[in-house]
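To start, the structure itself, in structure tokens.
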Amino acid sequence: MQEAKGWRGRARQDKLFGHVAGVRCMSLHPASNLLFTGSLDRTVRAWDLLSGVQLAVSRPHNGTVRCLAADDSLLVSGSSDHHIRASPLGAAAGAAGETDWHSRAASGAKACLAQRTVLPGGHSGPVTALELTPDALFSGSWDYSVRVWSRSRLRCTAAVHVDDWVSSLAAPGRDTLYVGCGKEVLLFNAGKGGLQQAQAPLKPGDQALVTAVRGSLDGRYAYFGTGEGTVVGADLRCPAQQGQHVLLRDPSGVSGLSWEYPCLAASFQRGQVALLDAEVAMAYRWQGIGGKGSQGAGGKPPKPWVRWLAGSAGGEPASCVALGEMWAAAGFDSGTVATWDFNRALEEQRAATTLRQRKQQRRIAKAARVPQGSRHDK
């Protein structure tokens with residue numbers, strides 16, 4: 001699995017400076033050469049990933065920008081002023097699109113990240129979590145609710161009330177939604193514009209607050225982090241508590257999670273970012289309880305690896321993390337953003353694999369040219 005090995009290789013690290021207060025959220029889009037960040041300084045900023053140049057900045061929100069979600073056509077942000085703001089991207093953005101941002105940045109001009117729509121009929125508390133799918137926008141808040149929004153009309157179509165503050169959301173599939181809520185993770189089916197609870201909630205063994213949640217695209221695994229510093233993987237094929245396994249422990253709290261197959265990233269309050277081969281970690285645990293996990297050398301399941309990235313020399317808290325297409329990014333309380341580009345490591349890994357294959361093919365071809373029995377005749 002070359003992608004997994006690429007995450008273990010040498011990365012090109014960069015630091016981005018522009019926010020004047022702590023970074024609280026981010027959304028990473030390497031295919032468009034873009035990174036979006038939100039901050040305590042009440043702004044959303046767009047960055048050129050390759051150059052590290054700030055491309056655009058929004059007008060100030062009326063509170064801390066606590067969450068972001070973006071895809072090829074839409075950027076949404078949620079803030080402490082209880083509002084969700086939306087802005088079109090790509091072809092839908094017209095003259096204000098990211099192509100214009102790059103051209104303006106190249107000429108030295110500043111661009112404004114226009115957030116054109118404030119979604120009506122929203123939350124009555126700070127908006128803390130946002131997730132986009134092809135059909136819907138999901139939002140969570142400290143007002144004890146999760147809302148579903150139509151992407152085409154940007155109108156709220158459904159709402160579910162929960163028993164505690166919503167800290168995080170994850171929509172790994174078109175019809176699934178995981179909700180970090182107080183000391184548990186709620187699992188919902190999200191089809192047909194509504195939310196129906198799918199199975200019993202997941203609860204950390206130490207009864208700590210859930211601070212972040214992610215999920216695998218195939219729906220097998222959910223991952224969540226806690227304020228006590230544990231990263232937990234849950235195999236959803238098992239009964240709720242039996243399928244849970246602690247994948248990482250750290251002395252400080254988990255502040256963010258991000259997932260890109262097969263890797264899970266976690267940011268911690270002590271300023272470190274961990275990369276974990278989550279698929280192998282869960283297969284290793286699954287094998288241990290009698291499941292048919294993947295096999296390594298000697299018929300044993302391969303052991304998972306963990307890599308730690310130091311994004312801050314002073315140990316300042318890391319508040320969020322994002323993965324995407326062999327890039328990693330993290331935001332810190334000082335307003336600094338750190339990025340790591342693993343694409344070169346992946347290219348080196350692929351080149352090494354190709355070289356080994358060619359050498360193997362030459363050995364096989366050479367052996368095939370030696371007449372049978374010639375070695376014994378000598």
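Within each chain, counting starts at residue 1; across the structure tokens, chains are named A, B, ... in the order shown, with ligands numbered 1 upward in that order.
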
Polymer residues at most 12 Å from segment 76-84 of chain A, only C-alpha atoms, same-chain spacing of 6 or more positions, as number ranges by chain: A: 24-27, 36-45, 58, 60-70, 113-132, 136-143, 147, 149, 151, 154-156

In segment 39-277 of chain A, DSSP strand (DSSP E or B) residues written as a ChimeraX atom specification: /A:39,44-48,54-57,65-70,74-79,84-88,111-112,117-118,127-132,136-141,145-150,156-161,166-170,176-181,184-189,196-202,210-215,221-226,230-235,244-249,254-260,263-268,272-277

With distances taken over only C-alpha atoms, which of A:Ala281, A:Ala111, A:Ala212, A:Leu202 is nearest to Gln242 of chain A?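 Among the listed residues, A:Leu202 lies closest to Gln242 of chain A.
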
Name all residues at most 9 Å from Pro204 of chain A (count only C-alpha atoms; drop same-chain ones fewer than 3 positions away) and give them as number ranges by chain. A: 183-185, 207-210, 224-226, 230, 232, 241, 244

Using only C-alpha atoms, determine which residues lie at most 8 Å from segment 265-273 of chain A, disregarding the query and same-chain residues fewer than 3 positions distant; provide the list as a ChimeraX atom specification. /A:225,229,231,250,252-259,276,308-312,315-323,330,332

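Remark: for Tyr261 of chain A, the closest of the candidate residues A:Cys112, A:Val162, A:Leu217, A:Ala56 is A:Leu217 (distances computed over only C-alpha atoms).
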
Backbone DSSP call of helix (DSSP H, G or I) for segment 96-227 of chain A, listed as a ChimeraX atom specification: /A:96,98-106,191-193

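Minimum atom-to-atom distance to Ser51 of chain A, evaluated using only C-alpha atoms, belongs to A:Thr339 out of A:Thr339, A:Val20, A:Ser87, A:Thr133.
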
Rounded to one decimal, what separation in Å do you get between atom CA of His29 of chain A and atom CA of Leu50 of chain A?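 Straight-line distance from atom CA of His29 of chain A to atom CA of Leu50 of chain A works out to 11.4 Å.
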
Could you tell me how far atom CA of Tyr178 of chain A sits from atom CA of Pro201 of chain A, in Å to one decimal place? 9.6 Å

Taking only C-alpha atoms into account, name the residue in A:Gly52, A:Pro30, A:Gly227, A:Gly191 that is nearest to Leu177 of chain A.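 Of A:Gly52, A:Pro30, A:Gly227, A:Gly191, the one nearest Leu177 of chain A, counting only C-alpha atoms, is A:Gly191.
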